[in-house]
file entry25.cif (mmCIF, C-alpha atoms)
data_upload
#
loop_
_atom_site.label_atom_id
_atom_site.label_comp_id
_atom_site.auth_asym_id
_atom_site.auth_seq_id
_atom_site.Cartn_x
_atom_site.Cartn_y
_atom_site.Cartn_z
CA GLN N 542 -25.97 -6.31 -149.37
CA ALA N 543 -25.93 -6.20 -145.58
CA MET N 544 -25.04 -2.87 -143.98
CA GLY N 545 -23.52 -4.40 -140.86
CA SER N 546 -22.85 -7.72 -139.22
CA GLY N 547 -25.74 -7.47 -136.76
CA LEU N 548 -29.40 -8.28 -137.23
CA PHE N 549 -30.30 -4.65 -137.91
CA GLU N 550 -29.07 -1.07 -138.18
CA VAL N 551 -30.92 2.09 -137.14
CA PHE N 552 -30.13 5.48 -138.66
CA PRO N 553 -29.90 8.34 -138.24
CA ASN N 554 -29.24 7.96 -134.54
CA PRO N 555 -29.81 10.34 -132.83
CA THR N 556 -32.88 11.37 -134.81
CA THR N 557 -35.64 13.95 -134.61
CA ASP N 558 -38.40 12.82 -136.96
CA ASN N 559 -37.32 9.93 -139.16
CA LEU N 560 -35.92 6.57 -138.12
CA ASN N 561 -34.75 4.08 -140.73
CA ILE N 562 -34.43 0.43 -139.80
CA TYR N 563 -32.39 -1.85 -142.04
CA ILE N 564 -33.02 -5.56 -141.34
CA ASN N 565 -30.37 -8.09 -142.32
CA TYR N 566 -32.40 -11.14 -143.34
CA ARG N 567 -30.79 -13.79 -141.13
CA ASP N 568 -33.20 -16.62 -140.40
CA LYS N 569 -34.16 -18.09 -143.77
CA ASN N 570 -36.75 -20.29 -141.99
CA SER N 571 -38.70 -17.34 -140.58
CA ALA N 572 -40.09 -14.48 -142.66
CA ASN N 573 -41.72 -12.81 -139.64
CA VAL N 574 -39.90 -9.83 -138.11
CA GLN N 575 -41.11 -8.20 -134.88
CA ILE N 576 -40.00 -4.59 -134.28
CA SER N 577 -40.62 -3.25 -130.77
CA PHE N 578 -39.77 0.04 -129.11
CA TYR N 579 -39.33 0.43 -125.34
CA ASP N 580 -38.82 3.47 -123.15
CA ILE N 581 -36.09 3.60 -120.51
CA THR N 582 -38.41 1.99 -117.94
CA GLY N 583 -38.86 -1.06 -120.18
CA LYS N 584 -42.45 -0.22 -121.17
CA ARG N 585 -43.31 -1.15 -124.76
CA VAL N 586 -44.32 2.09 -126.50
CA GLY N 587 -44.65 0.95 -130.12
CA GLY N 588 -43.93 -1.70 -132.66
CA ASN N 589 -45.20 -3.85 -135.47
CA SER N 590 -44.72 -7.17 -137.24
CA PHE N 591 -43.66 -7.55 -140.85
CA LEU N 592 -43.11 -10.39 -143.31
CA ILE N 593 -39.82 -10.16 -145.19
CA SER N 594 -37.98 -12.39 -147.66
CA SER N 595 -34.72 -10.48 -148.08
CA ASP N 596 -32.72 -7.67 -146.48
CA THR N 597 -35.28 -4.91 -145.96
CA LEU N 598 -35.23 -1.18 -145.26
CA PHE N 599 -38.13 0.26 -143.25
CA THR N 600 -38.84 3.94 -142.73
CA GLN N 601 -40.77 4.11 -139.50
CA LYS N 602 -41.50 7.82 -139.18
CA ASP N 603 -44.92 7.03 -137.70
CA PHE N 604 -43.33 5.33 -134.66
CA LEU N 605 -41.87 8.66 -133.56
CA TYR N 606 -45.08 10.69 -133.50
CA ASN N 607 -45.94 9.85 -129.89
CA PHE N 608 -42.37 9.70 -128.62
CA LYS N 609 -40.96 12.49 -126.49
CA SER N 610 -37.30 13.42 -126.60
CA GLY N 611 -35.18 10.87 -124.80
CA MET N 612 -33.64 7.43 -124.97
CA TYR N 613 -35.48 4.37 -126.27
CA PHE N 614 -34.59 0.82 -127.17
CA CYS N 615 -35.44 -0.86 -130.47
CA GLU N 616 -35.70 -4.63 -130.35
CA ILE N 617 -35.82 -6.79 -133.45
CA ILE N 618 -36.74 -10.47 -133.37
CA GLN N 619 -36.50 -12.59 -136.49
CA GLY N 620 -36.82 -16.33 -135.89
CA GLU N 621 -34.02 -17.38 -133.54
CA PHE N 622 -32.24 -14.02 -133.82
CA LYS N 623 -32.85 -11.18 -131.36
CA GLU N 624 -31.04 -7.87 -131.00
CA THR N 625 -31.65 -4.59 -129.15
CA LYS N 626 -30.18 -1.16 -129.89
CA LYS N 627 -30.39 2.19 -128.13
CA ILE N 628 -32.07 5.07 -129.98
CA ILE N 629 -31.84 8.75 -129.05
CA ILE N 630 -34.70 11.06 -130.05
CA ASN N 631 -33.97 14.79 -129.90
#
call {"tool": "encode", "arguments": {"input": "entry25.cif", "output": "structure tokens"}}
result
Amino acid sequence: QAMGSGLFEVFPNPTTDNLNIYINYRDKNSANVQISFYDITGKRVGGNSFLISSDTLFTQKDFLYNFKSGMYFCEIIQGEFKETKKIIIN
């Protein structure tokens, strides 16, 4: 069951050490999901690709190890769908 109407949800947000990413499986023709993190200057600071076949919950604690406190953007691309959300790390 989808958590929201968008491509993905991030929680908790703000976070300190654990970021959960819930992907709503939208493009049934594309199992590849690209997760990218950008700092406020637009520099890519982390990310990974995954293959999914249904709505999927990722716990990406390892993405936060090199992040300093501040604002970041999480971008998800799955097939023709693309969405970006702001993340605050305390």
call {"tool": "closest_residue", "arguments": {"input": "entry25.cif", "among": "N:Gly547, N:Gln575, N:Phe591, N:Thr557", "to": "Ile628 in chain N", "atoms": "only C-alpha atoms"}}
result
N:Thr557
call {"tool": "atom_distance", "arguments": {"input": "entry25.cif", "atom1": "CA of Ile581 in chain N", "atom2": "CA of Phe614 in chain N"}}
result
7.4 Å
call {"tool": "resolve_selection", "arguments": {"input": "entry25.cif", "expression": "the PyMOL selection byres ((chain N and resi 580) around 10)", "output": "list in words"}}
result
Phe578, Tyr579, Ile581, Thr582, Gly583, Lys584, Arg585, Val586, Gly587, Phe608, Lys609, Gly611, Met612, Tyr613, Phe614, Cys615, Lys627 and Ile628 of chain N
call {"tool": "resolve_selection", "arguments": {"input": "entry25.cif", "expression": "the PyMOL selection byres ((chain N and resi 620-622) around 12)", "output": "list in words"}}
result
Gly547, Leu548, Phe549, Ile564, Asn565, Tyr566, Arg567, Asp568, Lys569, Asn570, Ser571, Ala572, Asn573, Val574, Gln575, Leu592, Ile593, Glu616, Ile617, Ile618, Gln619, Lys623, Glu624 and Thr625 of chain N
call {"tool": "atom_distance", "arguments": {"input": "entry25.cif", "atom1": "CA of Phe599 in chain N", "atom2": "CA of Ile562 in chain N"}}
result
5.1 Å
call {"tool": "atom_distance", "arguments": {"input": "entry25.cif", "atom1": "CA of Asn631 in chain N", "atom2": "CA of Leu598 in chain N"}}
result
22.2 Å
call {"tool": "resolve_selection", "arguments": {"input": "entry25.cif", "expression": "the PyMOL selection byres ((chain N and resi 556) around 10)", "output": "number ranges by chain"}}
result
N: 551-555, 557-561, 605, 610, 628-631
